[in-house]
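Below is one structure; the comments refer to it alone.
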Amino acid sequence: MKAPYLVLARKYRPKALGDLVGQASVAESLRNALKEGRVAHAYLFAGPRGVGKTSTARILARALNCAAGSGPTTEPCGRCDPCREIEAGGDADVLEMDAASHRGIDDARALRDAVSFRPLRDRHRVYVVDECHMLTNEAWNALLKTLEEPPGHVRFVFATTALEKVPETIRSRCQVFEFRRIGEAEIAARLRRICEQEKFEVGEDLLASIAGASRGGMRDALSLLDQLVSFAGPRPAPEHLVELLGASERGGLLALFEEIAAGDRAKVLRGLDDLFRRGADEETLLDQAVGHLHRLLLVRLCGKEAPGVGESETPERLEALSRQAARFSPERLEEMAQALLAARWRLRDAPALRRAVAEVGFLRLCRGEEYLPVGAILERLEALERSLASGRATAAPGPAATGPPAPRPAEPKALAPSPPRPGATDPWSRVVEAVRRRSPLAAESFARCRPASLEGPVLRLPVAKLREGERRLVEDARNLAAAEAEARSALGPGTRLELETAPAEEGRRPAPRAAPPVRGASADHAAAEVARQFDGDVLEEGR
Ligand SMILES: Nc1ncnc2c1ncn2[C@@H]1O[C@H](COP(=O)(O)OP(=O)(O)OP(=O)(O)O)[C@@H](O)[C@H]1O
Ligand SMILES: [Mg+2]
Ligand SMILES: [Zn+2]
């Protein structure tokens, strides 16, 4: 098995206050508080996704607990046990939890009770509660008292992307830091440094475009860089970015949610496979999908004049969005977004199964309106736990298990394939154009591996000279099938395509045709395993 590749966003997580980009006032306040020994008992970090909230929470935890000196420090050493374990998320005194899946009163009570224990090793117990706006009012109430008079060894960091949803009573008991979107110049500068370290050659213009496309989110910027390099190699050109953005924005998400609306799981899996092949990483894909759902929700509730949508979309896309929005109820859009956020959180629990976690998350959206709201699921779980605890093995009350939702009739695709370019008469150009109708990105790769000879029933594609990302696009069974169909119509019904995976040698037989990407039994098994592990029985139905 290949060693897991650490995505740039995780590899370059800032480790000290000085590393944080674009959050100067937050860093300055924390630095002063640490110096003067006035670190607040509870912080509330608010701001958009991927701008440094979790990173800062971990930096603060290290600063409080670094064992190199005799007390908290503004410059944690990075080498002692607490420093290293906090970075890896494995320090027993630094507890990160996700309010999206632990939002009820019992979780809050458990937290409140745990708070009174002394730290196991470190100076402070640090509780990081992510997506804290998801906590219920009862849960907050259970925490209120603790927030008023927390034991001296305890620090809370609440993080949220929706400050306005955090009750005022809580906000007033925390020190609130608002994290900002990061300026394009600062993002570009960080990217430039990372490119130097990774030995990528990326021009200034391209860095600026990546920074612009990531709308102030550093994680988005890093993940875009990741995708770009995995597709185009260490010396990407501006056209590659244009293709990449176009492909994932236009074709990708909109089409994916069409399949979700139709309840077609197989197509959803294939669509995801496409996006992953283009180098999307799980976190970003889930983020982008949540963003897409958010836009759908806005359009569903406010029409095409929805605030913040119209300005950033072309009229065609707005039309497609509004058509798609009409296929879902507002409640379902919200539940879908929550389900994806929950999946996103689980990624970190199962690093080896990231893809499976993401796929299961998306598959769950195919359940149509019968899809259980998160609240109902939690209630059923709690009821089940209670009944187990009291020794009764009765099933939890709740909606009867139903089969998969009946697929709705598919509407016409929002996006018609682009017509072939005029003048494509040469047989290979015809093949390339046929592939372009499936995937503009793949077409470029096919264009680059034109067979040496267009004679005879077998055309050999010199894929060995392509970069890995390009080659995978050519090897994709569906792209190959599209190409072969066109080759047949251009050159005769017996025509076949074969991949030449190594430079031709004397006496060497041509490489066998790439097999279609089969989702192996083990991958399915892993996905089912993840579903079981995280969802218990309630979410198994309909799979
Ligand atoms: N201010 C920043 N300076 C440098 N890198 C950053 C910054 N913010 C984010 N990053 C990069 O993005 C990654 C994700 O950041 P982080 O997890 O801190 O974001 P977040 O604000 O907690 O996002 P979310 O709301 O999605 O949880 C980091 O690992 C790091 O690589
Ligand atoms: Mg975070
Ligand atoms: Zn240390």
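To be explicit about the labels: the chains of the structure tokens are called A, B, and onward in the order shown, and within each one the residues are counted from 1, while ligands get numbers from 1 in the order they are shown.
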
Name all residues at most 10 Å from Cys66 (chain A) (count only C-alpha atoms; drop same-chain ones fewer than 5 positions away) and give them as a list in words.
->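 These residues fall inside the cut-off: Leu60, Ala61, Gly71, Pro72, Thr73, Thr74, Glu75, Pro76, Cys77, Gly78, Arg79, Cys80, Asp81, Pro82, Cys83, Arg84, Ile86, Asp122 and Arg123 of chain A.
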
Take the residues that were just selected and, keeping N, CA and C atoms, output them as a JSON list (two decimals), in the first residue's frame.
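Once everything was written out, this is out-v8.json:
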[["chain", "number", "residue", "atom", "x", "y", "z"],
["A", 60, "LEU", "N", -3.02, 27.37, 21.03],
["A", 60, "LEU", "CA", -3.27, 27.83, 22.40],
["A", 60, "LEU", "C", -3.08, 26.68, 23.39],
["A", 61, "ALA", "N", -3.56, 25.50, 23.04],
["A", 61, "ALA", "CA", -3.42, 24.34, 23.93],
["A", 61, "ALA", "C", -1.94, 24.03, 24.16],
["A", 71, "GLY", "N", 6.00, 27.13, 32.86],
["A", 71, "GLY", "CA", 4.62, 27.61, 32.78],
["A", 71, "GLY", "C", 4.23, 27.86, 31.34],
["A", 72, "PRO", "N", 3.03, 28.41, 31.13],
["A", 72, "PRO", "CA", 2.59, 28.71, 29.77],
["A", 72, "PRO", "C", 3.58, 29.62, 29.06],
["A", 73, "THR", "N", 3.64, 29.51, 27.75],
["A", 73, "THR", "CA", 4.63, 30.26, 26.98],
["A", 73, "THR", "C", 4.02, 30.74, 25.67],
["A", 74, "THR", "N", 4.55, 31.82, 25.14],
["A", 74, "THR", "CA", 4.05, 32.24, 23.83],
["A", 74, "THR", "C", 4.74, 31.45, 22.72],
["A", 75, "GLU", "N", 5.82, 30.78, 23.05],
["A", 75, "GLU", "CA", 6.56, 30.02, 22.03],
["A", 75, "GLU", "C", 6.69, 28.56, 22.44],
["A", 76, "PRO", "N", 5.63, 27.78, 22.23],
["A", 76, "PRO", "CA", 5.73, 26.35, 22.58],
["A", 76, "PRO", "C", 6.87, 25.70, 21.80],
["A", 77, "CYS", "N", 7.54, 24.72, 22.45],
["A", 77, "CYS", "CA", 8.79, 24.20, 21.89],
["A", 77, "CYS", "C", 8.56, 23.31, 20.66],
["A", 78, "GLY", "N", 7.42, 22.63, 20.61],
["A", 78, "GLY", "CA", 7.17, 21.75, 19.46],
["A", 78, "GLY", "C", 7.82, 20.38, 19.60],
["A", 79, "ARG", "N", 8.59, 20.15, 20.66],
["A", 79, "ARG", "CA", 9.30, 18.86, 20.77],
["A", 79, "ARG", "C", 8.87, 18.04, 21.99],
["A", 80, "CYS", "N", 8.36, 18.70, 23.02],
["A", 80, "CYS", "CA", 8.00, 17.94, 24.22],
["A", 80, "CYS", "C", 6.77, 17.07, 23.94],
["A", 81, "ASP", "N", 6.45, 16.17, 24.88],
["A", 81, "ASP", "CA", 5.31, 15.28, 24.66],
["A", 81, "ASP", "C", 3.99, 16.02, 24.43],
["A", 82, "PRO", "N", 3.64, 16.95, 25.33],
["A", 82, "PRO", "CA", 2.37, 17.65, 25.08],
["A", 82, "PRO", "C", 2.36, 18.33, 23.71],
["A", 83, "CYS", "N", 3.42, 19.03, 23.35],
["A", 83, "CYS", "CA", 3.45, 19.73, 22.06],
["A", 83, "CYS", "C", 3.18, 18.75, 20.92],
["A", 84, "ARG", "N", 3.88, 17.62, 20.95],
["A", 84, "ARG", "CA", 3.73, 16.70, 19.81],
["A", 84, "ARG", "C", 2.37, 16.02, 19.82],
["A", 86, "ILE", "N", -0.43, 17.11, 21.08],
["A", 86, "ILE", "CA", -1.52, 18.03, 20.74],
["A", 86, "ILE", "C", -1.58, 18.21, 19.22],
["A", 122, "ASP", "N", -0.98, 17.20, 31.85],
["A", 122, "ASP", "CA", -0.67, 18.57, 31.47],
["A", 122, "ASP", "C", -1.08, 19.57, 32.56],
["A", 123, "ARG", "N", -0.70, 20.82, 32.35],
["A", 123, "ARG", "CA", -1.10, 21.87, 33.28],
["A", 123, "ARG", "C", -2.60, 22.13, 33.20]]

With a distance cut-off of 12 Å and only C-alpha atoms, select the neighbouring residues of Leu30 (chain A), excluding the residue or stretch itself and same-chain residues fewer than 2 positions from it, and output the selection as a ChimeraX atom specification.
-> /A:16-18,20,23-28,32-40,43,45,56-57,59-61,63-64,72-75,175-177

Please return as a PDB file with C-alpha atoms, in the first residue's frame the residues found within 7 Å of ligand 2, counting only C-alpha atoms and all ligand atoms.
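Everything below was put into part.pdb:
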ATOM      1  CA  GLY A  50     -10.545  27.178   6.851  1.00  0.00           C
ATOM      2  CA  LYS A  53      -9.867  28.474  14.172  1.00  0.00           C
ATOM      3  CA  THR A  54      -8.931  24.879  14.929  1.00  0.00           C
ATOM      4  CA  ASP A 130     -16.203  22.644  17.267  1.00  0.00           C
TER       5      ASP A 130
END

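Separating CA of Leu286 (chain A) from CA of Ala213 (chain A) is a distance of 17.1 Å.
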
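Excluding Ala211 (chain A) and any residue on its chain fewer than 2 positions from it, the residues at most 7 Å away by only C-alpha atoms are A:Glu184, A:Ile187, A:Ala188, A:Leu207, A:Ala208, A:Ser209, A:Ala213, A:Ser214, A:Ala221.
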
Written selection (N, CA and C atoms) as a PDB file, in the first residue's frame:
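Below you can see part24.pdb, which holds the result:
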ATOM      1  N   GLU A 184      -5.876  38.239  -0.220  1.00  0.00           N
ATOM      2  CA  GLU A 184      -5.291  37.465  -1.319  1.00  0.00           C
ATOM      3  C   GLU A 184      -3.766  37.540  -1.323  1.00  0.00           C
ATOM      4  N   ILE A 187      -2.443  35.199   1.258  1.00  0.00           N
ATOM      5  CA  ILE A 187      -2.575  33.793   0.840  1.00  0.00           C
ATOM      6  C   ILE A 187      -1.510  33.473  -0.197  1.00  0.00           C
ATOM      7  N   ALA A 188      -1.358  34.362  -1.169  1.00  0.00           N
ATOM      8  CA  ALA A 188      -0.372  34.110  -2.221  1.00  0.00           C
ATOM      9  C   ALA A 188       1.029  33.978  -1.630  1.00  0.00           C
ATOM     10  N   LEU A 207      -0.335  31.893  -8.771  1.00  0.00           N
ATOM     11  CA  LEU A 207      -0.518  31.982  -7.315  1.00  0.00           C
ATOM     12  C   LEU A 207      -1.631  32.975  -6.998  1.00  0.00           C
ATOM     13  N   ALA A 208      -1.614  34.108  -7.695  1.00  0.00           N
ATOM     14  CA  ALA A 208      -2.641  35.121  -7.444  1.00  0.00           C
ATOM     15  C   ALA A 208      -4.024  34.576  -7.795  1.00  0.00           C
ATOM     16  N   SER A 209      -4.109  33.804  -8.900  1.00  0.00           N
ATOM     17  CA  SER A 209      -5.423  33.261  -9.273  1.00  0.00           C
ATOM     18  C   SER A 209      -5.918  32.258  -8.245  1.00  0.00           C
ATOM     19  N   ALA A 213      -9.334  32.591  -6.161  1.00  0.00           N
ATOM     20  CA  ALA A 213     -10.406  31.598  -6.253  1.00  0.00           C
ATOM     21  C   ALA A 213     -10.782  31.032  -4.892  1.00  0.00           C
ATOM     22  N   SER A 214      -9.910  31.205  -3.898  1.00  0.00           N
ATOM     23  CA  SER A 214     -10.230  30.555  -2.624  1.00  0.00           C
ATOM     24  C   SER A 214     -10.942  31.488  -1.656  1.00  0.00           C
ATOM     25  N   ALA A 221      -7.309  27.373  -0.469  1.00  0.00           N
ATOM     26  CA  ALA A 221      -6.171  27.715  -1.318  1.00  0.00           C
ATOM     27  C   ALA A 221      -5.191  26.548  -1.388  1.00  0.00           C
TER      28      ALA A 221
END

Extract, using only C-alpha atoms, all DNA, RNA and protein residues at most 7 Å from Ala280 (chain A), discarding same-chain residues fewer than 5 positions from it, and format them as number ranges by chain.
-> A: 227, 275, 285

Would you please give, as a count of residues only, all residues of region 64-165 of chain A that DSSP assigns to helix (DSSP H, G or I) based on the backbone?
-> 38

Using only C-alpha atoms and all ligand atoms, which residue out of A:Arg448, A:Arg367, A:His133, A:His124 lies closest to ligand 1?
->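 Distance minimum relative to ligand 1 lands on A:His133.
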
Step by step, measure atom-to-atom distances between ligand 1 and each residue using only C-alpha atoms and all ligand atoms, keep those at most 6 Å, then write them as a PyMOL selection string.
-> chain A and resi 9-10+12-14+20-23+48-55+161+218-219

Give the answer as one residue: which of A:Ser29, A:Ser172, A:Ser322, A:Ser70 has the shortest atom-to-atom distance to ligand 3, using only C-alpha atoms and all ligand atoms?
->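 Of all the options, A:Ser70 lies closest to ligand 3.
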
Considering only C-alpha atoms, state which residue in the set A:Cys449, A:Ala342, A:Val290, A:Val474 is at the smallest distance from His102 (chain A).
->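 Between A:Cys449, A:Ala342, A:Val290, A:Val474, the residue approaching His102 (chain A) most closely is A:Ala342.
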
Would you list the contacts of Pro119 (chain A) as a list in words, taking every protein, DNA or RNA residue within 9 Å and counting only C-alpha atoms, but skipping same-chain residues closer than 5 positions in sequence?
->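 With the cut-off at 9 Å, the set is Ala92, Asp93, His124, Arg125, His153 and Val154 of chain A.
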
Keeping only N, CA and C atoms, write the selected residues to a file as an mmCIF file, in the first residue's frame.
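Listed below is the output, selection_36.cif:
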data_model
loop_
_atom_site.group_PDB
_atom_site.id
_atom_site.type_symbol
_atom_site.label_atom_id
_atom_site.label_comp_id
_atom_site.auth_asym_id
_atom_site.auth_seq_id
_atom_site.Cartn_x
_atom_site.Cartn_y
_atom_site.Cartn_z
ATOM 1 N N ALA A 92 -4.304 13.403 25.948
ATOM 2 C CA ALA A 92 -5.494 13.031 26.721
ATOM 3 C C ALA A 92 -6.092 14.217 27.475
ATOM 4 N N ASP A 93 -5.339 15.293 27.631
ATOM 5 C CA ASP A 93 -5.884 16.445 28.339
ATOM 6 C C ASP A 93 -6.411 17.529 27.399
ATOM 7 N N HIS A 124 -3.106 22.105 31.967
ATOM 8 C CA HIS A 124 -4.504 22.473 31.765
ATOM 9 C C HIS A 124 -5.249 21.408 30.986
ATOM 10 N N ARG A 125 -6.515 21.275 31.326
ATOM 11 C CA ARG A 125 -7.383 20.503 30.439
ATOM 12 C C ARG A 125 -8.015 21.504 29.480
ATOM 13 N N HIS A 153 -7.989 24.758 36.303
ATOM 14 C CA HIS A 153 -7.160 24.051 35.329
ATOM 15 C C HIS A 153 -7.854 23.887 33.987
ATOM 16 N N VAL A 154 -9.076 24.385 33.858
ATOM 17 C CA VAL A 154 -9.841 24.127 32.639
ATOM 18 C C VAL A 154 -9.891 25.345 31.724
#

For region 80-129 of chain A versus region 147-150 of chain A, which residues have an atom no more than 12 Å away, and what is each residue's nearest atom pair and distance in Å rounded to one decimal, using only C-alpha atoms, chain-then-number order, as a Markdown table?
| residue | atom | partner | partner_atom | distance |
| --- | --- | --- | --- | --- |
| A:Ala108 | CA | A:Leu147 | CA | 11.9 |
| A:Leu111 | CA | A:Leu147 | CA | 11.6 |
| A:Arg112 | CA | A:Leu147 | CA | 9.4 |
| A:Asp113 | CA | A:Pro150 | CA | 11.3 |
| A:Ala114 | CA | A:Pro150 | CA | 11.6 |
| A:Val115 | CA | A:Pro150 | CA | 8.0 |
| A:Ser116 | CA | A:Pro150 | CA | 8.4 |
| A:Phe117 | CA | A:Pro150 | CA | 11.5 |
| A:His124 | CA | A:Pro150 | CA | 11.9 |
| A:Arg125 | CA | A:Pro150 | CA | 11.1 |
| A:Val126 | CA | A:Pro150 | CA | 11.6 |
| A:Tyr127 | CA | A:Pro150 | CA | 11.8 |

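Within region 120-158 of chain A, DSSP applied to the backbone places the following residues in strand (DSSP E): A:Arg125, A:Val126, A:Tyr127, A:Val128, A:Val129, A:Asp130, A:Val154, A:Arg155, A:Phe156, A:Val157, A:Phe158.
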
Find the spatial neighbours of Pro330 (chain A), counting only C-alpha atoms, within a cut-off of 12 Å - ignore same-chain residues fewer than 4 positions away - and output them as a ChimeraX atom specification.
-> /A:293-302,324-326,334-337,369

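Counting only C-alpha atoms and comparing A:Ala442, A:Leu333, A:Val435, A:Pro351, the residue that lies closest to Leu244 (chain A) is A:Ala442.
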
What lies within 8 Å of Val463 (chain A) using only C-alpha atoms, ignoring chain neighbours under 2 positions off, as a PDB file with C-alpha atoms, in the first residue's frame?
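And here is the file that came out, out-v2.pdb:
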ATOM      1  CA  CYS A 449      -1.477  10.817 -26.514  1.00  0.00           C
ATOM      2  CA  LEU A 461      -2.156   5.214 -27.141  1.00  0.00           C
ATOM      3  CA  LYS A 465       4.568   9.852 -21.593  1.00  0.00           C
ATOM      4  CA  LEU A 466       1.663  11.371 -19.676  1.00  0.00           C
ATOM      5  CA  ARG A 471      -2.894   9.033 -17.514  1.00  0.00           C
ATOM      6  CA  VAL A 474      -7.120   8.291 -20.239  1.00  0.00           C
ATOM      7  CA  LEU A 499      -2.869   1.581 -23.875  1.00  0.00           C
ATOM      8  CA  GLU A 500       0.867   1.520 -24.383  1.00  0.00           C
ATOM      9  CA  THR A 501       1.933   1.824 -20.778  1.00  0.00           C
ATOM     10  CA  ALA A 502       5.699   1.489 -21.376  1.00  0.00           C
TER      11      ALA A 502
END
